[in-house]
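Beneath this line is the structure, given in structure tokens, with notes to follow.
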Amino acid sequence: MTAAVLDPHEVQIGRRQALAQARALAQRSIRGTLRQPQVWLPGLLFPMFLAAVNTSTMGKAVEFLPGFEDVDSLLDFLLPASITQSVLFGGLTAGSDTATDIQTGFFDRLLASPVSRTSILVGRLAGASVTGAFQAVVFMLVYGAFGVRVAAGLPGAVLLIAYAMVLALVIGGFAAMLALKTGSAEAVQNVFPLTFILLFISSAFFPTDSMSGIYESVASRNPVTWMVDGMRHQVTVGLDWSEAAVSIAVAAALATMAIFGAQRALQARLRRAA
Amino acid sequence: MSHPIEAEGLVRRFGDLVAVDGVDLVVEQGEIFGFLGPNGAGKSTLVRMLATLLRPSGGRARVAGYDVVAEAGAVRRSIGVALQDAAIDPLMTGRELVRLQAVLHGISRSDADRRGDVLLARVGLTAAADRRVGTYSGGMRRRLDLALSLVHEPTVLFLDEPTTGLDPTSRLALWEEVRRLNGEGTTVFLTTQYLEEADELAGRIAIIDGGRIVREGDPEVLKGAVGAHTLVVAVPADQEAKATDVLSAFGEDRAAKAGSVAIGLTGGPAALSGALRALEDAGVSVEHVELDAPSLDDVFADATGRRLEGAEAGEVVA
């Protein structure tokens, strides 16, 4: 059996070798992220800081505002939002690191090796996904120290981790696509405000029941709302497979689109070189 | 058996720009082939085509016996490539990068570790193997780059301006390693803009200018074909015409930098005193004199009418 490759002139690479290449490149991606605390630490600290500010200024809102009926504390409500925010922030690294590889010539080094072109992308996104899992675990541990318990128990915690991993593929895939199209780390970083807009016009920080007008209309159609609400249910209410399925299915659909886009961008880049 | 590198009518266009314009090339087994030319001449474009990173717009090429377009994967398995600017991830250690490169070439972990140790020792990086590459000097990066390109024991090695930006000591160390590799049978294709580098390392050279090969052959033969020593005389700007006129009796005019007049001194070193005396008799103020044995710079000048940047200093006689 051989793995599919993107370059029509590439000698077919065995699946086992392609997997070994992808694993090695994923390890490189994870190492690279971990060795840059200035990259991942803000992605952890900023959502925590925002959650701390929100709970201290609006903590009592859960007692009377619509949409908070199932919520014991605002921090419970914010756990999925914080994970989403952190992963959206961190996932951009997959794109900016890819762009840096292109800018420094490391990408050419990979292309001059008999490496499956798919492995280059898979390795980068797998690294981002593992980093997403790490972020979810950190948030559950830290928020757990402040009394947050995932109502769905261990299965709920596993679902949150799985959600973070798929969400990392979404943002990582889009960021990698942009990196492969532009070759510019700056262009990837410029997407950062867009992730904030998506996050804030969603139910991440406020339930849609407490919104009105166009804001509510946009938020209720925002995929971030669909993803966050499904995960929030596991935290505040309890295990609900159908809610979880909606959340992860939306993320998976977006991830599929993002990865497809990144793969097309990689093919286009290879064609441009050709 | 075919040659390690063969190119026939190789062309690469970028829009209207023809970067490589019909290059024919044959590199013999086990030689160091120097590819010499100024910045922008087409050296790196040619290397990128031969290393399968860029598809030719025309012509064809075979490397290690494989077609660079139709059999690109097989070419990649057979070649080692160290591109310009040593593209190395600064966040990884030297040892991690060697392991990664080995995995990309399908080498087992145990073999990769063993070969990595040997290669890192060979390029003098054992002590620094577990340090992040971001802490390496330019010379160390180049040596690691060389080690990475050798992980899979390639039969053909492409070195694209491997010593650009290096200090003299690092440059000499790299030259020594290239010679050693070649002594072990590796065919080396070396691009450089340094005349001295091509002269020191290459058994044969090609000079490229404007995307075309303008000279090719044994450096000594090429230099011999240029003929006479070059006499370069620096004179005040207002006396250049007079100096040119006087010196025309001693040999043919050659390309020179502004403020200098150059000729091929027909009588060689023996004619030098006569030429200087003639200048003095004509009232030309000589500011500086050089008498250079034929060099690759002369070969380049003879072929293109221009001097290469960074030509080595000549023999100063006054």
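Residues in the structure tokens are numbered from 1 in each chain, the chains being A, B, ... in the order shown, and ligands are numbered from 1 in the order shown.
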Taking the backbone alone, and naming residues the way the document does, which bits of range 46-234 of chain A are alpha helix (DSSP H) by DSSP, as number ranges by chain?
A: 46-58, 74-104, 106-111, 117-145, 153-182, 185-189, 192-200, 213-221, 223-234
Those residues you just picked out, can you put them in a file as a CSV table (one decimal), in the first residue's frame with C-alpha atoms?
```
chain,number,residue,atom,x,y,z
A,46,PHE,CA,-5.1,35.8,28.6
A,47,PRO,CA,-8.3,33.7,28.6
A,48,MET,CA,-7.7,33.0,32.3
A,49,PHE,CA,-7.3,36.7,33.0
A,50,LEU,CA,-10.5,37.5,31.0
A,51,ALA,CA,-12.4,34.8,32.9
A,52,ALA,CA,-11.1,36.2,36.2
A,53,VAL,CA,-12.2,39.7,35.3
A,54,ASN,CA,-15.6,38.5,34.1
A,55,THR,CA,-16.3,36.4,37.2
A,56,SER,CA,-15.3,39.2,39.6
A,57,THR,CA,-17.3,41.9,37.7
A,58,MET,CA,-20.3,39.9,36.5
A,74,LEU,CA,-19.8,32.0,35.8
A,75,LEU,CA,-16.5,30.1,35.7
A,76,ASP,CA,-18.3,26.9,34.9
A,77,PHE,CA,-20.0,28.7,32.0
A,78,LEU,CA,-16.7,30.2,30.8
A,79,LEU,CA,-14.6,27.0,30.8
A,80,PRO,CA,-15.5,25.9,27.2
A,81,ALA,CA,-15.1,29.6,26.1
A,82,SER,CA,-11.6,29.8,27.6
A,83,ILE,CA,-10.6,26.6,25.9
A,84,THR,CA,-12.0,27.8,22.6
A,85,GLN,CA,-10.2,31.1,22.9
A,86,SER,CA,-6.9,29.6,23.9
A,87,VAL,CA,-7.0,27.0,21.0
A,88,LEU,CA,-8.0,29.7,18.5
A,89,PHE,CA,-5.0,31.7,19.6
A,90,GLY,CA,-2.6,28.8,19.8
A,91,GLY,CA,-3.7,27.2,16.5
A,92,LEU,CA,-2.5,30.2,14.6
A,93,THR,CA,1.0,29.1,15.5
A,94,ALA,CA,0.6,26.2,13.1
A,95,GLY,CA,0.2,28.8,10.3
A,96,SER,CA,2.9,31.2,11.4
A,97,ASP,CA,5.4,28.4,11.9
A,98,THR,CA,4.7,27.1,8.5
A,99,ALA,CA,5.1,30.6,7.0
A,100,THR,CA,8.4,30.9,9.0
A,101,ASP,CA,9.6,27.6,7.5
A,102,ILE,CA,8.8,29.0,4.0
A,103,GLN,CA,10.5,32.3,4.7
A,104,THR,CA,13.7,30.7,6.2
A,106,PHE,CA,13.4,25.1,5.9
A,107,PHE,CA,10.3,24.3,3.8
A,108,ASP,CA,12.6,23.9,0.8
A,109,ARG,CA,14.8,21.5,2.8
A,110,LEU,CA,11.8,19.4,3.4
A,111,LEU,CA,10.8,19.5,-0.3
A,117,ARG,CA,4.1,16.3,0.8
A,118,THR,CA,1.0,15.2,2.8
A,119,SER,CA,3.2,14.3,5.8
A,120,ILE,CA,4.4,17.9,5.9
A,121,LEU,CA,0.9,19.2,6.4
A,122,VAL,CA,-0.3,16.3,8.6
A,123,GLY,CA,2.7,16.6,10.9
A,124,ARG,CA,2.1,20.3,11.4
A,125,LEU,CA,-1.6,19.9,12.1
A,126,ALA,CA,-1.1,16.9,14.3
A,127,GLY,CA,1.3,19.0,16.4
A,128,ALA,CA,-1.3,21.7,16.7
A,129,SER,CA,-3.9,19.2,17.7
A,130,VAL,CA,-1.8,17.7,20.5
A,131,THR,CA,-1.1,21.2,21.7
A,132,GLY,CA,-4.9,21.8,21.7
A,133,ALA,CA,-5.3,18.8,24.0
A,134,PHE,CA,-2.6,20.1,26.3
A,135,GLN,CA,-4.4,23.5,26.5
A,136,ALA,CA,-7.8,21.9,27.3
A,137,VAL,CA,-6.2,19.8,30.2
A,138,VAL,CA,-4.5,22.9,31.6
A,139,PHE,CA,-7.8,24.9,31.7
A,140,MET,CA,-9.7,22.0,33.3
A,141,LEU,CA,-7.0,21.7,36.0
A,142,VAL,CA,-6.7,25.4,36.7
A,143,TYR,CA,-10.4,26.1,36.7
A,144,GLY,CA,-10.9,22.8,38.7
A,145,ALA,CA,-8.6,24.4,41.3
A,153,GLY,CA,-17.4,13.6,34.6
A,154,LEU,CA,-14.5,11.8,32.9
A,155,PRO,CA,-16.4,11.3,29.6
A,156,GLY,CA,-17.1,15.0,29.6
A,157,ALA,CA,-13.5,15.8,30.2
A,158,VAL,CA,-12.5,13.5,27.3
A,159,LEU,CA,-15.0,15.2,25.1
A,160,LEU,CA,-13.6,18.6,25.9
A,161,ILE,CA,-10.1,17.4,25.1
A,162,ALA,CA,-11.4,15.9,21.8
A,163,TYR,CA,-13.2,19.1,21.0
A,164,ALA,CA,-10.0,21.1,21.6
A,165,MET,CA,-8.0,18.8,19.3
A,166,VAL,CA,-10.5,19.1,16.5
A,167,LEU,CA,-10.8,22.8,17.0
A,168,ALA,CA,-7.0,23.1,16.7
A,169,LEU,CA,-7.3,21.4,13.3
A,170,VAL,CA,-9.8,24.0,12.2
A,171,ILE,CA,-7.8,27.1,13.1
A,172,GLY,CA,-4.5,25.3,12.3
A,173,GLY,CA,-5.8,24.3,8.9
A,174,PHE,CA,-7.0,27.7,8.0
A,175,ALA,CA,-3.8,29.3,9.3
A,176,ALA,CA,-1.7,26.8,7.4
A,177,MET,CA,-3.7,27.5,4.2
A,178,LEU,CA,-3.1,31.2,4.6
A,179,ALA,CA,0.6,30.6,5.3
A,180,LEU,CA,1.0,28.4,2.2
A,181,LYS,CA,-0.9,30.9,0.1
A,182,THR,CA,1.1,33.9,1.2
A,185,ALA,CA,3.9,34.9,9.1
A,186,GLU,CA,2.7,38.5,9.4
A,187,ALA,CA,-0.3,37.7,7.2
A,188,VAL,CA,-1.2,34.7,9.4
A,189,GLN,CA,-0.9,36.9,12.6
A,192,PHE,CA,-5.8,37.1,15.1
A,193,PRO,CA,-8.4,39.9,15.4
A,194,LEU,CA,-10.8,37.9,13.2
A,195,THR,CA,-10.8,35.0,15.7
A,196,PHE,CA,-11.7,37.5,18.4
A,197,ILE,CA,-14.6,38.8,16.5
A,198,LEU,CA,-15.9,35.3,15.9
A,199,LEU,CA,-15.5,34.5,19.6
A,200,PHE,CA,-17.2,37.7,20.9
A,213,GLY,CA,-31.4,42.1,17.8
A,214,ILE,CA,-28.8,41.6,15.1
A,215,TYR,CA,-26.2,40.5,17.7
A,216,GLU,CA,-28.4,37.6,18.7
A,217,SER,CA,-29.1,36.8,15.1
A,218,VAL,CA,-25.4,36.7,14.2
A,219,ALA,CA,-24.4,34.8,17.3
A,220,SER,CA,-27.0,32.1,16.9
A,221,ARG,CA,-25.7,31.5,13.4
A,223,PRO,CA,-20.5,28.1,14.3
A,224,VAL,CA,-18.5,29.0,17.4
A,225,THR,CA,-21.9,29.2,19.3
A,226,TRP,CA,-22.8,25.7,18.1
A,227,MET,CA,-19.5,24.3,19.2
A,228,VAL,CA,-19.3,26.1,22.6
A,229,ASP,CA,-22.9,25.4,23.6
A,230,GLY,CA,-22.5,21.6,23.0
A,231,MET,CA,-19.4,21.5,25.2
A,232,ARG,CA,-20.8,23.8,27.8
A,233,HIS,CA,-23.7,21.4,28.3
A,234,GLN,CA,-21.1,18.7,29.3
```
Can you list, as an MDAnalysis selection string, all residues belonging to range 125-227 of chain B that DSSP tags as strand (DSSP E)?
chainID B and resid 156:160 187:192 204:209 212:217
Could you list, as a PyMOL selection string, every residue of chain B that has an atom within 10 Å of an atom of chain A, counting only C-alpha atoms?
chain B and resi 48-49+51-57+68-92+96-97+99-108+145+148-149
Output the selection as a CSV table (one decimal), in the first residue's frame - N, CA and C atoms for each residue.
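The resulting file, again.csv, is reproduced below:
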```
chain,number,residue,atom,x,y,z
B,48,ARG,N,18.4,24.7,-8.0
B,48,ARG,CA,17.1,24.3,-7.6
B,48,ARG,C,16.4,23.4,-8.6
B,49,MET,N,16.7,23.6,-9.9
B,49,MET,CA,16.1,22.7,-10.9
B,49,MET,C,16.8,21.3,-10.8
B,51,ALA,N,18.0,20.0,-8.2
B,51,ALA,CA,17.6,19.4,-6.9
B,51,ALA,C,16.1,19.2,-6.8
B,52,THR,N,15.4,19.3,-7.9
B,52,THR,CA,13.9,19.1,-8.1
B,52,THR,C,13.0,20.1,-7.3
B,53,LEU,N,13.6,21.2,-6.9
B,53,LEU,CA,12.8,22.2,-6.2
B,53,LEU,C,12.1,23.2,-7.2
B,54,LEU,N,12.5,23.1,-8.4
B,54,LEU,CA,12.0,24.0,-9.5
B,54,LEU,C,11.9,23.3,-10.8
B,55,ARG,N,10.8,23.3,-11.4
B,55,ARG,CA,10.7,22.6,-12.7
B,55,ARG,C,11.2,23.4,-13.8
B,56,PRO,N,12.0,22.8,-14.7
B,56,PRO,CA,12.6,23.5,-15.8
B,56,PRO,C,11.5,24.0,-16.8
B,57,SER,N,11.7,25.2,-17.4
B,57,SER,CA,10.7,25.6,-18.4
B,57,SER,C,11.0,25.0,-19.7
B,68,VAL,N,15.0,14.7,-13.6
B,68,VAL,CA,14.6,15.6,-12.5
B,68,VAL,C,13.1,15.9,-12.4
B,69,VAL,N,12.4,15.7,-13.5
B,69,VAL,CA,11.0,16.0,-13.6
B,69,VAL,C,10.2,14.6,-13.4
B,70,ALA,N,10.5,13.7,-14.2
B,70,ALA,CA,9.7,12.5,-14.2
B,70,ALA,C,10.0,11.5,-13.1
B,71,GLU,N,11.3,11.7,-12.5
B,71,GLU,CA,11.7,10.8,-11.5
B,71,GLU,C,12.2,11.6,-10.3
B,72,ALA,N,11.5,12.7,-10.0
B,72,ALA,CA,12.0,13.6,-8.9
B,72,ALA,C,12.2,12.9,-7.6
B,73,GLY,N,11.3,12.0,-7.2
B,73,GLY,CA,11.4,11.3,-5.9
B,73,GLY,C,12.7,10.5,-5.8
B,74,ALA,N,13.1,9.8,-6.9
B,74,ALA,CA,14.3,9.0,-6.9
B,74,ALA,C,15.5,10.0,-6.9
B,75,VAL,N,15.4,11.1,-7.5
B,75,VAL,CA,16.5,12.1,-7.4
B,75,VAL,C,16.7,12.5,-6.0
B,76,ARG,N,15.6,12.8,-5.3
B,76,ARG,CA,15.7,13.3,-3.9
B,76,ARG,C,16.3,12.3,-3.0
B,77,ARG,N,16.1,11.0,-3.3
B,77,ARG,CA,16.7,10.0,-2.4
B,77,ARG,C,18.2,9.9,-2.7
B,78,SER,N,18.7,10.4,-3.8
B,78,SER,CA,20.1,10.2,-4.2
B,78,SER,C,21.0,11.4,-3.9
B,79,ILE,N,20.3,12.5,-3.7
B,79,ILE,CA,21.2,13.7,-3.5
B,79,ILE,C,21.1,14.3,-2.1
B,80,GLY,N,22.2,15.0,-1.8
B,80,GLY,CA,22.2,15.8,-0.6
B,80,GLY,C,22.3,17.3,-1.1
B,81,VAL,N,21.5,18.1,-0.4
B,81,VAL,CA,21.4,19.5,-0.8
B,81,VAL,C,21.7,20.4,0.4
B,82,ALA,N,22.6,21.3,0.3
B,82,ALA,CA,22.8,22.4,1.3
B,82,ALA,C,22.6,23.7,0.5
B,83,LEU,N,21.4,24.3,0.7
B,83,LEU,CA,21.1,25.5,0.0
B,83,LEU,C,21.7,26.7,0.6
B,84,GLN,N,21.6,27.8,-0.1
B,84,GLN,CA,22.1,29.1,0.5
B,84,GLN,C,21.4,29.4,1.8
B,85,ASP,N,22.2,30.1,2.7
B,85,ASP,CA,21.6,30.6,3.9
B,85,ASP,C,21.3,29.5,5.0
B,86,ALA,N,21.8,28.3,4.8
B,86,ALA,CA,21.7,27.2,5.8
B,86,ALA,C,20.3,27.3,6.5
B,87,ALA,N,19.3,26.9,5.9
B,87,ALA,CA,17.9,26.9,6.5
B,87,ALA,C,17.8,25.9,7.5
B,88,ILE,N,18.0,26.2,8.8
B,88,ILE,CA,18.0,25.3,9.9
B,88,ILE,C,17.1,25.8,11.0
B,89,ASP,N,16.2,25.0,11.5
B,89,ASP,CA,15.3,25.4,12.6
B,89,ASP,C,16.1,25.8,13.8
B,90,PRO,N,16.0,27.0,14.2
B,90,PRO,CA,16.8,27.4,15.4
B,90,PRO,C,16.3,26.9,16.7
B,91,LEU,N,15.1,26.4,16.7
B,91,LEU,CA,14.5,25.9,18.0
B,91,LEU,C,14.9,24.5,18.3
B,92,MET,N,15.5,23.8,17.3
B,92,MET,CA,15.9,22.4,17.5
B,92,MET,C,17.4,22.3,17.8
B,96,GLU,N,18.7,16.6,17.2
B,96,GLU,CA,17.3,16.4,16.8
B,96,GLU,C,17.1,16.6,15.3
B,97,LEU,N,17.8,17.6,14.7
B,97,LEU,CA,17.7,17.9,13.3
B,97,LEU,C,18.3,16.7,12.5
B,99,ARG,N,18.4,13.6,13.4
B,99,ARG,CA,17.4,12.5,13.5
B,99,ARG,C,16.2,12.8,12.6
B,100,LEU,N,15.7,14.0,12.6
B,100,LEU,CA,14.6,14.3,11.8
B,100,LEU,C,14.9,14.1,10.3
B,101,GLN,N,16.1,14.5,9.9
B,101,GLN,CA,16.5,14.4,8.5
B,101,GLN,C,16.6,12.9,8.2
B,102,ALA,N,17.1,12.1,9.1
B,102,ALA,CA,17.2,10.6,8.9
B,102,ALA,C,15.8,10.0,8.7
B,103,VAL,N,14.9,10.4,9.6
B,103,VAL,CA,13.5,9.8,9.5
B,103,VAL,C,12.9,10.2,8.1
B,104,LEU,N,13.1,11.4,7.7
B,104,LEU,CA,12.6,11.8,6.4
B,104,LEU,C,13.1,11.0,5.2
B,105,HIS,N,14.3,10.5,5.4
B,105,HIS,CA,14.9,9.6,4.4
B,105,HIS,C,14.6,8.1,4.7
B,106,GLY,N,13.8,7.8,5.6
B,106,GLY,CA,13.4,6.4,5.9
B,106,GLY,C,14.5,5.6,6.6
B,107,ILE,N,15.4,6.3,7.3
B,107,ILE,CA,16.4,5.6,8.1
B,107,ILE,C,15.9,5.2,9.4
B,108,SER,N,16.2,4.0,9.9
B,108,SER,CA,15.7,3.6,11.2
B,108,SER,C,16.3,4.4,12.3
B,145,ASP,N,24.5,22.0,8.5
B,145,ASP,CA,23.8,21.9,7.2
B,145,ASP,C,24.4,20.9,6.3
B,148,LEU,N,23.6,17.5,7.7
B,148,LEU,CA,22.2,17.1,7.4
B,148,LEU,C,22.1,16.6,6.0
B,149,SER,N,22.9,17.2,5.1
B,149,SER,CA,22.8,16.8,3.7
B,149,SER,C,23.5,15.5,3.4
```
When you look at range 24-27 of chain B with a cut-off of 7 Å (counting only C-alpha atoms), what residues show up, excluding the ones that are within fewer than 6 positions of it in the same chain? I need them as a PyMOL selection string.
chain B and resi 3-10+33
